[in-house]
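A.B. asks: protein25.cif is reproduced in full below (mmCIF, C-alpha atoms).
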data_work
#
loop_
_atom_site.label_atom_id
_atom_site.label_comp_id
_atom_site.auth_asym_id
_atom_site.auth_seq_id
_atom_site.Cartn_x
_atom_site.Cartn_y
_atom_site.Cartn_z
CA MET A 1 0.00 0.00 0.00
CA LYS A 2 1.18 3.51 -0.76
CA LEU A 3 0.69 6.75 1.12
CA VAL A 4 -1.48 8.04 -1.69
CA ASP A 5 -3.89 5.12 -1.11
CA LEU A 6 -4.22 6.11 2.54
CA VAL A 7 -4.81 9.73 1.57
CA GLU A 8 -7.57 8.64 -0.77
CA HIS A 9 -9.30 6.07 1.44
CA LEU A 10 -9.18 8.12 4.63
CA SER A 11 -9.63 11.61 3.13
CA LEU A 12 -6.38 12.79 4.65
CA GLU A 13 -5.25 16.32 4.08
CA VAL A 14 -1.68 16.53 2.81
CA LYS A 15 0.17 19.36 4.54
CA THR A 16 3.51 19.01 2.78
CA PRO A 17 3.07 20.04 -0.85
CA GLY A 18 5.24 18.11 -3.24
CA ALA A 19 5.72 15.28 -0.75
CA ASP A 20 6.42 11.86 -2.20
CA LEU A 21 3.14 10.01 -1.70
CA THR A 22 4.18 7.05 -3.81
CA ARG A 23 6.16 5.85 -0.82
CA GLU A 24 5.29 2.34 0.31
CA VAL A 25 3.66 1.90 3.73
CA THR A 26 4.40 -1.41 5.40
CA GLY A 27 2.87 -0.90 8.83
CA GLY A 28 1.55 1.54 11.37
CA TYR A 29 2.42 2.87 14.79
CA VAL A 30 0.44 5.06 17.19
CA SER A 31 2.20 6.98 19.94
CA ASP A 32 2.69 10.47 21.31
CA MET A 33 5.79 9.45 23.24
CA LEU A 34 8.87 10.09 21.14
CA SER A 35 11.10 7.64 22.99
CA ASP A 36 8.53 4.94 22.37
CA VAL A 37 8.49 5.68 18.65
CA ILE A 38 12.27 5.81 18.46
CA ALA A 39 12.52 2.48 20.26
CA ASN A 40 9.63 0.54 18.77
CA ALA A 41 8.25 1.89 15.49
CA LYS A 42 9.34 -0.03 12.40
CA ALA A 43 10.82 1.55 9.31
CA GLY A 44 8.24 1.95 6.56
CA SER A 45 5.40 2.54 9.02
CA VAL A 46 2.96 5.38 8.98
CA TRP A 47 3.05 7.16 12.34
CA VAL A 48 -0.18 8.37 13.91
CA THR A 49 0.28 11.05 16.55
CA PHE A 50 -1.16 14.08 18.32
CA GLN A 51 2.26 15.75 18.48
CA SER A 52 2.72 18.54 15.96
CA HIS A 53 6.06 20.14 16.89
CA LEU A 54 9.10 19.87 14.66
CA ASN A 55 10.91 17.14 16.57
CA ILE A 56 8.48 14.59 15.17
CA VAL A 57 10.25 15.07 11.84
CA ALA A 58 13.65 14.19 13.30
CA VAL A 59 12.17 11.08 14.89
CA ALA A 60 10.43 10.04 11.66
CA SER A 61 13.52 10.66 9.58
CA LEU A 62 15.76 8.72 11.94
CA LYS A 63 13.37 5.76 11.98
CA GLY A 64 12.64 5.73 8.26
CA ILE A 65 8.94 6.40 8.87
CA SER A 66 6.98 6.64 5.57
CA GLY A 67 4.74 9.46 6.70
CA ILE A 68 3.15 11.13 9.71
CA ILE A 69 -0.59 11.49 10.22
CA LEU A 70 -1.70 14.08 12.77
CA VAL A 71 -5.04 13.27 14.34
CA LYS A 72 -8.07 15.42 15.18
CA ASN A 73 -7.08 18.02 12.61
CA ARG A 74 -4.01 19.03 14.58
CA VAL A 75 -2.32 21.87 12.75
CA PRO A 76 1.39 21.25 12.27
CA ASP A 77 3.67 24.14 13.27
CA GLU A 78 5.14 26.19 10.42
CA ASP A 79 8.68 25.05 11.28
CA THR A 80 7.48 21.45 11.42
CA LEU A 81 6.35 21.69 7.80
CA LYS A 82 9.56 23.39 6.76
CA LYS A 83 11.64 20.68 8.37
CA ALA A 84 9.38 18.00 6.90
CA SER A 85 9.96 19.33 3.39
CA GLN A 86 13.72 19.41 3.96
CA GLU A 87 13.77 15.86 5.29
CA ASN A 88 11.23 14.65 2.74
CA ILE A 89 8.76 13.37 5.35
CA PRO A 90 5.12 13.68 4.22
CA ILE A 91 2.78 15.06 6.88
CA MET A 92 -0.96 14.52 6.62
CA THR A 93 -3.86 15.32 8.90
CA SER A 94 -7.07 13.50 9.69
CA SER A 95 -10.21 14.71 11.41
CA LEU A 96 -10.45 11.38 13.24
CA PRO A 97 -9.12 10.71 16.74
CA ALA A 98 -6.16 8.30 16.99
CA PHE A 99 -8.25 5.28 18.02
CA GLU A 100 -10.59 5.53 15.05
CA LEU A 101 -7.85 6.32 12.57
CA ALA A 102 -5.81 3.33 13.77
CA GLY A 103 -8.92 1.18 13.33
CA ARG A 104 -9.37 2.37 9.76
CA LEU A 105 -5.70 1.77 8.95
CA TYR A 106 -6.01 -1.72 10.37
CA THR A 107 -9.10 -2.37 8.29
CA LEU A 108 -7.19 -1.28 5.20
CA GLY A 109 -4.76 -4.08 5.93
CA LEU A 110 -1.89 -2.35 7.71
CA ARG A 111 -0.30 -4.25 10.60
CA MET B 112 35.10 -1.22 4.90
CA ASN B 113 36.78 2.11 5.58
CA ARG B 114 39.49 1.99 8.21
CA GLY B 115 37.61 4.40 10.38
CA THR B 116 36.51 7.92 11.01
CA ASP B 117 35.77 10.26 13.87
CA GLY B 118 34.32 13.66 14.50
CA VAL B 119 32.25 15.86 16.75
CA PHE B 120 28.88 17.60 16.73
CA PHE B 121 28.11 20.58 18.93
CA LEU B 122 24.81 20.67 20.77
CA THR B 123 22.99 23.67 22.18
CA GLY B 124 20.66 23.28 25.13
CA LYS B 125 16.94 23.91 24.40
CA ASP B 126 17.67 24.18 20.68
CA PHE B 127 14.72 22.05 19.63
CA THR B 128 14.98 23.36 16.07
CA ASN B 129 18.13 21.37 15.42
CA ALA B 130 17.44 18.58 17.87
CA GLY B 131 18.14 15.24 16.30
CA SER B 132 20.42 16.52 13.58
CA ALA B 133 23.61 15.18 15.19
CA SER B 134 22.10 11.68 15.39
CA SER B 135 20.77 12.03 11.90
CA ASN B 136 24.21 13.04 10.59
CA LEU B 137 25.81 10.18 12.45
CA LYS B 138 23.31 7.79 10.90
CA GLY B 139 24.23 9.13 7.46
CA ILE B 140 27.92 8.54 8.15
CA LEU B 141 27.27 4.96 9.27
CA GLU B 142 25.18 4.33 6.17
CA LYS B 143 27.94 5.64 3.91
CA MET B 144 30.42 3.34 5.63
CA GLY B 145 28.27 0.35 4.85
CA ILE B 146 27.59 -0.59 8.48
CA PRO B 147 24.83 -3.24 8.75
CA PRO B 148 21.30 -1.73 9.09
CA GLU B 149 20.54 -3.45 12.41
CA ILE B 150 23.65 -1.88 13.96
CA ILE B 151 22.76 1.50 12.47
CA ARG B 152 19.28 1.15 13.96
CA ARG B 153 20.69 0.55 17.44
CA ALA B 154 23.29 3.31 17.14
CA SER B 155 20.68 5.82 15.92
CA ILE B 156 18.32 5.10 18.81
CA ALA B 157 21.08 5.41 21.41
CA ALA B 158 22.55 8.55 19.80
CA PHE B 159 19.14 10.25 19.50
CA GLU B 160 18.22 9.61 23.13
CA ALA B 161 21.60 10.85 24.33
CA GLU B 162 21.39 13.91 22.08
CA MET B 163 17.89 14.74 23.34
CA ASN B 164 19.04 14.41 26.96
CA THR B 165 21.74 16.98 26.30
CA ILE B 166 19.32 19.33 24.57
CA ILE B 167 16.63 18.97 27.21
CA TYR B 168 18.79 19.19 30.31
CA ALA B 169 22.12 20.84 29.52
CA VAL B 170 23.26 24.32 28.52
CA ALA B 171 25.48 22.87 25.83
CA GLY B 172 27.34 19.73 24.93
CA MET B 173 29.30 17.79 22.36
CA MET B 174 28.76 14.48 20.68
CA HIS B 175 32.05 12.79 19.74
CA TYR B 176 32.00 9.73 17.61
CA SER B 177 34.65 7.37 16.45
CA ILE B 178 34.05 4.44 14.19
CA THR B 179 36.58 1.71 13.60
CA PRO B 180 36.10 -1.69 11.96
CA GLU B 181 35.61 -3.08 15.47
CA VAL B 182 33.44 -0.59 17.33
CA ILE B 183 31.24 2.48 17.19
CA LYS B 184 32.05 4.71 20.14
CA VAL B 185 29.90 7.74 20.95
CA ILE B 186 30.63 10.12 23.80
CA LEU B 187 28.30 12.89 24.89
CA GLN B 188 29.84 15.44 27.14
CA ASP B 189 27.61 18.15 28.50
CA MET B 190 27.60 21.25 30.63
CA GLY B 191 24.46 20.42 32.48
CA PRO B 192 22.99 20.01 35.94
CA GLY B 193 24.52 16.57 36.43
CA ILE B 194 22.72 13.44 37.63
CA PRO B 195 22.64 13.05 41.43
CA ASP B 196 21.69 9.36 41.38
CA ILE B 197 22.57 7.51 38.18
CA ASN B 198 20.91 4.25 39.26
CA GLN B 199 17.65 6.08 39.79
CA ALA B 200 17.98 7.83 36.42
CA MET B 201 18.47 4.44 34.75
CA GLN B 202 15.08 3.22 35.98
CA GLU B 203 12.45 3.02 33.30
CA GLY B 204 9.83 5.71 33.87
CA TYR B 205 11.95 7.88 36.11
CA SER B 206 12.31 11.41 34.76
CA THR B 207 12.96 14.89 36.07
CA ALA B 208 11.74 16.57 32.86
CA PRO B 209 9.55 19.66 33.32
CA ASP B 210 5.94 19.62 32.11
CA TYR B 211 6.52 21.46 28.83
CA ILE B 212 9.09 18.84 27.82
CA ARG B 213 6.66 16.05 28.70
CA GLU B 214 3.94 17.70 26.66
CA MET B 215 6.26 17.46 23.65
CA GLY B 216 6.37 13.70 24.14
CA PHE B 217 9.80 13.64 25.76
CA GLY B 218 10.62 12.96 29.39
CA SER B 219 8.92 9.59 29.64
CA GLY B 220 11.88 8.15 31.50
CA MET B 221 12.76 5.84 28.64
CA GLY B 222 15.82 7.63 27.30
CA LEU B 223 18.63 6.09 29.33
CA PRO B 224 17.01 2.62 29.39
CA ASN B 225 16.70 2.84 25.59
CA ILE B 226 20.39 3.65 25.30
CA LYS B 227 21.27 0.76 27.59
CA LYS B 228 19.11 -1.67 25.61
CA ASN B 229 20.67 -0.72 22.30
CA ALA B 230 24.31 -0.30 23.26
CA ASP B 231 26.73 -3.09 24.11
CA LYS B 232 28.29 -0.97 26.82
CA LEU B 233 27.13 2.20 28.54
CA THR B 234 29.15 4.29 30.97
CA ILE B 235 27.85 7.42 32.67
CA THR B 236 29.87 9.69 34.88
CA SER B 237 28.29 12.78 36.33
CA ALA B 238 29.03 15.61 38.71
CA VAL B 239 26.14 17.67 40.04
CA GLY B 240 26.46 21.28 38.95
CA GLU B 241 29.18 20.46 36.42
CA GLY B 242 27.88 18.06 33.84
CA THR B 243 27.52 14.55 32.60
CA THR B 244 29.58 12.37 30.30
CA LEU B 245 27.82 9.44 28.67
CA GLU B 246 29.73 6.95 26.58
CA PHE B 247 28.32 4.04 24.68
CA LEU B 248 29.88 1.37 22.56
CA ILE B 249 28.32 -0.76 19.87
CA TYR B 250 30.51 -3.58 18.64
CA LEU B 251 30.47 -4.37 14.98
CA GLU B 252 29.49 -7.85 13.96
CA SER B 253 32.95 -9.25 13.41
CA VAL B 254 33.86 -8.55 17.02
CA SER B 255 30.60 -9.35 18.78
CA GLN B 256 30.71 -12.85 17.29
CA THR B 257 34.11 -13.59 18.72
CA SER B 258 33.73 -11.84 22.09
#
Could you write out this file's structure as structure tokens?
C.D. replies:
Amino acid sequence: MKLVDLVEHLSLEVKTPGADLTREVTGGYVSDMLSDVIANAKAGSVWVTFQSHLNIVAVASLKGISGIILVKNRVPDEDTLKKASQENIPIMTSSLPAFELAGRLYTLGLR
Amino acid sequence: MNRGTDGVFFLTGKDFTNAGSASSNLKGILEKMGIPPEIIRRASIAAFEAEMNTIIYAVAGMMHYSITPEVIKVILQDMGPGIPDINQAMQEGYSTAPDYIREMGFGSGMGLPNIKKNADKLTITSAVGEGTTLEFLIYLESVSQTS
């Protein structure tokens, strides 16, 4: 599955224009605790979080995360988006809360 | 493989804008050297946690790295508050991070345990009011198999 499929199926809003949405997504991880993500998320996952500050980009980049989805229409900080473009990490938002979004991702086949 | 390389990154306390860039650069260097991905994964986790500790707690610090065919050695030296009780700090869930740091998703008390889990050797020396030096080693495959 590709990021663009998730965007389509879940009506995600893409916040990083020009981001590479053809990137393959091989799993998912939900956490707002950065140490947890650093320790346990798998490369290729889409990361679902409430955090919107720019350090999420460093974490995603270091872990090889495919893309970040912010829940409940969280608005990413300006500098988060700037950093995300530099590091080539797509950031998307969803109106759903984390629990529901994770459920939808699971239903789409992500593990 | 290359014979080895070393270098240093400078870290500024509370500089969340550049937080993670030293670890990210180190990861890039390891990738260029052809280090196995699993070792890079462990080194990146340990380096990131140590870098974040410096940025969260210290005024400033340095991350030295040296990579030889046998071992990745990373030393973080900071001008920070120091750790009064290292054993306590090593406990999972123990943290002295202020609320605003916790709200950012840091300060869950997993940093040092994460470093310990991913490194082959971790040494911390600290003096309250002066600073902390954290050193970790990750042996490269050829050595860990024979040791």
A.B. asks: Compile the contact shell of A:Leu62 as a list in words: residues with an atom at most 8 Å away, counting only C-alpha atoms, same-chain residues fewer than 6 positions apart removed.
C.D. replies: Ile38 of chain A; Ser134, Ser135, Lys138 and Ser155 of chain B
A.B. asks: Enumerate, as a PyMOL selection string, the residues matched when the PyMOL selection byres ((chain B) within 8 of (chain A)) is run on the file above.
C.D. replies: chain B and resi 127-128+130-132+134-135+138+152+155-156+160+215-217+219+221-222+225
A.B. asks: Would you write out those residues with C-alpha atoms, as a JSON list (two decimals), keeping the file's coordinate frame?
C.D. replies:
[["chain", "number", "residue", "atom", "x", "y", "z"],
["B", 127, "PHE", "CA", 14.72, 22.05, 19.63],
["B", 128, "THR", "CA", 14.98, 23.36, 16.07],
["B", 130, "ALA", "CA", 17.44, 18.58, 17.87],
["B", 131, "GLY", "CA", 18.14, 15.24, 16.30],
["B", 132, "SER", "CA", 20.42, 16.52, 13.58],
["B", 134, "SER", "CA", 22.10, 11.68, 15.39],
["B", 135, "SER", "CA", 20.77, 12.03, 11.90],
["B", 138, "LYS", "CA", 23.31, 7.79, 10.90],
["B", 152, "ARG", "CA", 19.28, 1.15, 13.96],
["B", 155, "SER", "CA", 20.68, 5.82, 15.92],
["B", 156, "ILE", "CA", 18.32, 5.10, 18.81],
["B", 160, "GLU", "CA", 18.22, 9.61, 23.13],
["B", 215, "MET", "CA", 6.26, 17.46, 23.65],
["B", 216, "GLY", "CA", 6.37, 13.70, 24.14],
["B", 217, "PHE", "CA", 9.80, 13.64, 25.76],
["B", 219, "SER", "CA", 8.92, 9.59, 29.64],
["B", 221, "MET", "CA", 12.76, 5.84, 28.64],
["B", 222, "GLY", "CA", 15.82, 7.63, 27.30],
["B", 225, "ASN", "CA", 16.70, 2.84, 25.59]]
A.B. asks: At what distance in Å, to one decimal, does atom CA of A:Ala19 lie from atom CA of A:Met1?
C.D. replies: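 It comes out at 16.3 Å.
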A.B. asks: What does the structure give for the distance between atom CA of B:Glu246 and atom CA of B:Val185, in Å to one decimal?
C.D. replies: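 Atom-to-atom, atom CA of B:Glu246 and atom CA of B:Val185 are spaced 5.7 Å apart.
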A.B. asks: Could you work out how far atom CA of A:Glu100 lies from atom CA of A:Arg23, giving the answer in Å with one decimal?
C.D. replies: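 Calculated distance between atom CA of A:Arg23 and atom CA of A:Glu100 is 23.1 Å.
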A.B. asks: Could you pull the residues within 7 Å of B:Met173, counting all atoms listed in the file, minus those fewer than 2 positions along the same chain, as a PyMOL selection string?
C.D. replies: chain B and resi 119-122+175+187-189
A.B. asks: Applied to the shown file, which residues does the PyMOL selection byres ((chain B and resi 232) around 10) return, written as a short mmCIF file (atom, residue, chain, number, x, y, z; two decimals) with C-alpha atoms, keeping the file's coordinate frame?
C.D. replies:
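Result file follows (expr-v5.cif):
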data_model
loop_
_atom_site.label_atom_id
_atom_site.label_comp_id
_atom_site.auth_asym_id
_atom_site.auth_seq_id
_atom_site.Cartn_x
_atom_site.Cartn_y
_atom_site.Cartn_z
CA LYS B 184 32.05 4.71 20.14
CA ILE B 226 20.39 3.65 25.30
CA LYS B 227 21.27 0.76 27.59
CA LYS B 228 19.11 -1.67 25.61
CA ASN B 229 20.67 -0.72 22.30
CA ALA B 230 24.31 -0.30 23.26
CA ASP B 231 26.73 -3.09 24.11
CA LEU B 233 27.13 2.20 28.54
CA THR B 234 29.15 4.29 30.97
CA GLU B 246 29.73 6.95 26.58
CA PHE B 247 28.32 4.04 24.68
CA LEU B 248 29.88 1.37 22.56
CA ILE B 249 28.32 -0.76 19.87
CA TYR B 250 30.51 -3.58 18.64
#
A.B. asks: Go through A:Gly27, A:Gly109, A:Pro90, A:Pro97 one by one, measure the shortest atom-to-atom distance of each to A:Val7 using all atoms listed in the file, and give the residue with the smallest value.
C.D. replies: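 Under the stated criterion, the closest residue is A:Pro90.
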A.B. asks: Suppose a student applies the PyMOL selection byres ((chain A and resi 75) around 12) to this structure; what residues should they get, written as a PyMOL selection string?
C.D. replies: chain A and resi 13-16+49-54+69-74+76-81+91-95
